[in-house]
file my_file-v5.pdb (PDB, C-alpha atoms)
ATOM      1  CA  MET A   1     154.922  75.871 140.723  1.00  0.00           C
ATOM      2  CA  ARG A   2     151.465  74.456 140.174  1.00  0.00           C
ATOM      3  CA  ARG A   3     149.856  73.761 136.824  1.00  0.00           C
ATOM      4  CA  SER A   4     147.645  76.847 137.186  1.00  0.00           C
ATOM      5  CA  GLU A   5     150.694  79.008 137.976  1.00  0.00           C
ATOM      6  CA  PHE A   6     152.469  77.584 134.934  1.00  0.00           C
ATOM      7  CA  LEU A   7     149.550  78.456 132.667  1.00  0.00           C
ATOM      8  CA  ARG A   8     149.319  81.985 134.124  1.00  0.00           C
ATOM      9  CA  ALA A   9     153.061  82.459 133.622  1.00  0.00           C
ATOM     10  CA  VAL A  10     152.893  81.308 129.997  1.00  0.00           C
ATOM     11  CA  ASP A  11     149.942  83.606 129.337  1.00  0.00           C
ATOM     12  CA  ALA A  12     151.657  86.582 131.002  1.00  0.00           C
ATOM     13  CA  GLU A  13     154.909  86.074 129.103  1.00  0.00           C
ATOM     14  CA  PHE A  14     153.656  85.059 125.666  1.00  0.00           C
ATOM     15  CA  HIS A  15     150.153  86.596 125.478  1.00  0.00           C
ATOM     16  CA  ALA A  16     148.390  85.587 122.232  1.00  0.00           C
ATOM     17  CA  ARG A  17     151.018  82.939 121.431  1.00  0.00           C
ATOM     18  CA  ALA A  18     150.632  81.156 124.788  1.00  0.00           C
ATOM     19  CA  SER A  19     148.155  78.516 123.696  1.00  0.00           C
ATOM     20  CA  SER A  20     150.009  77.563 120.537  1.00  0.00           C
ATOM     21  CA  LEU A  21     153.332  77.361 122.383  1.00  0.00           C
ATOM     22  CA  VAL A  22     151.909  75.062 125.064  1.00  0.00           C
ATOM     23  CA  ASN A  23     150.137  72.856 122.524  1.00  0.00           C
ATOM     24  CA  ASP A  24     152.484  72.844 119.525  1.00  0.00           C
ATOM     25  CA  LEU A  25     156.092  73.704 120.434  1.00  0.00           C
ATOM     26  CA  VAL A  26     158.221  70.604 121.028  1.00  0.00           C
ATOM     27  CA  LEU A  27     160.563  71.508 123.886  1.00  0.00           C
ATOM     28  CA  SER A  28     164.179  70.460 123.575  1.00  0.00           C
ATOM     29  CA  GLY A  29     164.455  69.687 127.287  1.00  0.00           C
ATOM     30  CA  MET A  30     161.287  67.579 127.469  1.00  0.00           C
ATOM     31  CA  ALA A  31     162.227  64.436 125.516  1.00  0.00           C
ATOM     32  CA  GLY A  32     160.447  65.498 122.351  1.00  0.00           C
ATOM     33  CA  ARG A  33     157.220  66.525 124.072  1.00  0.00           C
ATOM     34  CA  THR A  34     155.187  69.682 124.010  1.00  0.00           C
ATOM     35  CA  ALA A  35     154.487  71.474 127.277  1.00  0.00           C
ATOM     36  CA  LEU A  36     150.987  70.001 127.369  1.00  0.00           C
ATOM     37  CA  GLU A  37     152.286  66.473 126.766  1.00  0.00           C
ATOM     38  CA  ALA A  38     154.898  66.955 129.473  1.00  0.00           C
ATOM     39  CA  LEU A  39     152.245  68.204 131.930  1.00  0.00           C
ATOM     40  CA  ASP A  40     150.057  65.199 131.141  1.00  0.00           C
ATOM     41  CA  ALA A  41     153.076  62.903 131.660  1.00  0.00           C
ATOM     42  CA  GLY A  42     153.585  64.289 135.166  1.00  0.00           C
ATOM     43  CA  VAL A  43     156.639  66.456 134.559  1.00  0.00           C
ATOM     44  CA  PRO A  44     156.766  69.208 137.205  1.00  0.00           C
ATOM     45  CA  PRO A  45     155.368  72.449 135.770  1.00  0.00           C
ATOM     46  CA  ARG A  46     158.437  74.370 136.993  1.00  0.00           C
ATOM     47  CA  ASP A  47     160.712  72.177 134.855  1.00  0.00           C
ATOM     48  CA  ILE A  48     158.477  72.726 131.835  1.00  0.00           C
ATOM     49  CA  TRP A  49     158.395  76.475 132.440  1.00  0.00           C
ATOM     50  CA  LEU A  50     162.195  76.642 132.572  1.00  0.00           C
ATOM     51  CA  ALA A  51     162.515  74.519 129.410  1.00  0.00           C
ATOM     52  CA  LEU A  52     160.030  76.758 127.596  1.00  0.00           C
ATOM     53  CA  CYS A  53     161.884  79.868 128.753  1.00  0.00           C
ATOM     54  CA  ALA A  54     165.191  78.434 127.561  1.00  0.00           C
ATOM     55  CA  ASP A  55     163.814  77.516 124.140  1.00  0.00           C
ATOM     56  CA  MET A  56     162.143  80.914 123.736  1.00  0.00           C
ATOM     57  CA  ASP A  57     165.127  82.928 125.067  1.00  0.00           C
ATOM     58  CA  VAL A  58     163.171  84.482 127.936  1.00  0.00           C
ATOM     59  CA  PRO A  59     165.597  86.558 130.037  1.00  0.00           C
ATOM     60  CA  GLU A  60     166.569  85.091 133.413  1.00  0.00           C
ATOM     61  CA  SER A  61     164.980  88.065 135.163  1.00  0.00           C
ATOM     62  CA  ARG A  62     161.521  86.988 133.923  1.00  0.00           C
ATOM     63  CA  ARG A  63     161.808  83.264 134.654  1.00  0.00           C
ATOM     64  CA  HIS A  64     161.402  83.132 138.423  1.00  0.00           C
ATOM     65  CA  GLY A  65     158.401  83.888 140.603  1.00  0.00           C
ATOM     66  CA  VAL A  66     155.939  84.342 137.760  1.00  0.00           C
ATOM     67  CA  GLY A  67     152.472  82.869 137.634  1.00  0.00           C
ATOM     68  CA  ARG A  68     151.693  83.391 141.291  1.00  0.00           C
ATOM     69  CA  LEU A  69     148.731  85.426 142.318  1.00  0.00           C
ATOM     70  CA  GLU A  70     149.329  88.375 144.563  1.00  0.00           C
ATOM     71  CA  PRO A  71     148.586  87.558 148.216  1.00  0.00           C
ATOM     72  CA  ARG A  72     145.178  88.612 149.396  1.00  0.00           C
ATOM     73  CA  GLY A  73     145.096  91.500 151.844  1.00  0.00           C
ATOM     74  CA  ARG A  74     143.803  90.778 155.312  1.00  0.00           C
TER      75      ARG A  74
END
call {"tool": "encode", "arguments": {"input": "my_file-v5.pdb", "output": "structure tokens"}}
result
Amino acid sequence: MRRSEFLRAVDAEFHARASSLVNDLVLSGMAGRTALEALDAGVPPRDIWLALCADMDVPESRRHGVGRLEPRGR
């Protein structure tokens, strides 16, 4: 997962709350950091996404494969 995919996934899952969750929510699995702080520290976006999902009780079925753009048709 790339940073852009992470941000798309957060936006798709949390809508209007996405920005505040990324900037303000301290994630339990990220050593006391917010998602943005963890991204800036070089933590893989996939790990941050999974930590955010765990803290926000996102169902397993919505945790994998999100944030990717649909392939372009040829």
call {"tool": "closest_residue", "arguments": {"input": "my_file-v5.pdb", "among": "A:Gly29, A:His64, A:Pro59, A:Trp49", "to": "Asp11 (chain A)", "atoms": "only C-alpha atoms"}}
result
A:Trp49
call {"tool": "atom_distance", "arguments": {"input": "my_file-v5.pdb", "atom1": "CA of Leu7 (chain A)", "atom2": "CA of Ser19 (chain A)"}}
result
9.1 Å
call {"tool": "resolve_selection", "arguments": {"input": "my_file-v5.pdb", "expression": "the PyMOL selection byres ((chain A and resi 21) around 10)", "output": "number ranges by chain"}}
result
A: 10-11, 14, 16-20, 22-27, 34-36, 52, 56
call {"tool": "closest_residue", "arguments": {"input": "my_file-v5.pdb", "among": "A:Cys53, A:Ala41, A:Val58, A:Ile48", "to": "Phe6 (chain A)", "atoms": "all atoms listed in the file"}}
result
A:Ile48
call {"tool": "closest_residue", "arguments": {"input": "my_file-v5.pdb", "among": "A:Glu5, A:Val43, A:Ala12, A:Ala54", "to": "Ser28 (chain A)", "atoms": "only C-alpha atoms"}}
result
A:Ala54
call {"tool": "atom_distance", "arguments": {"input": "my_file-v5.pdb", "atom1": "CA of Ser61 (chain A)", "atom2": "CA of Pro44 (chain A)"}}
result
20.7 Å
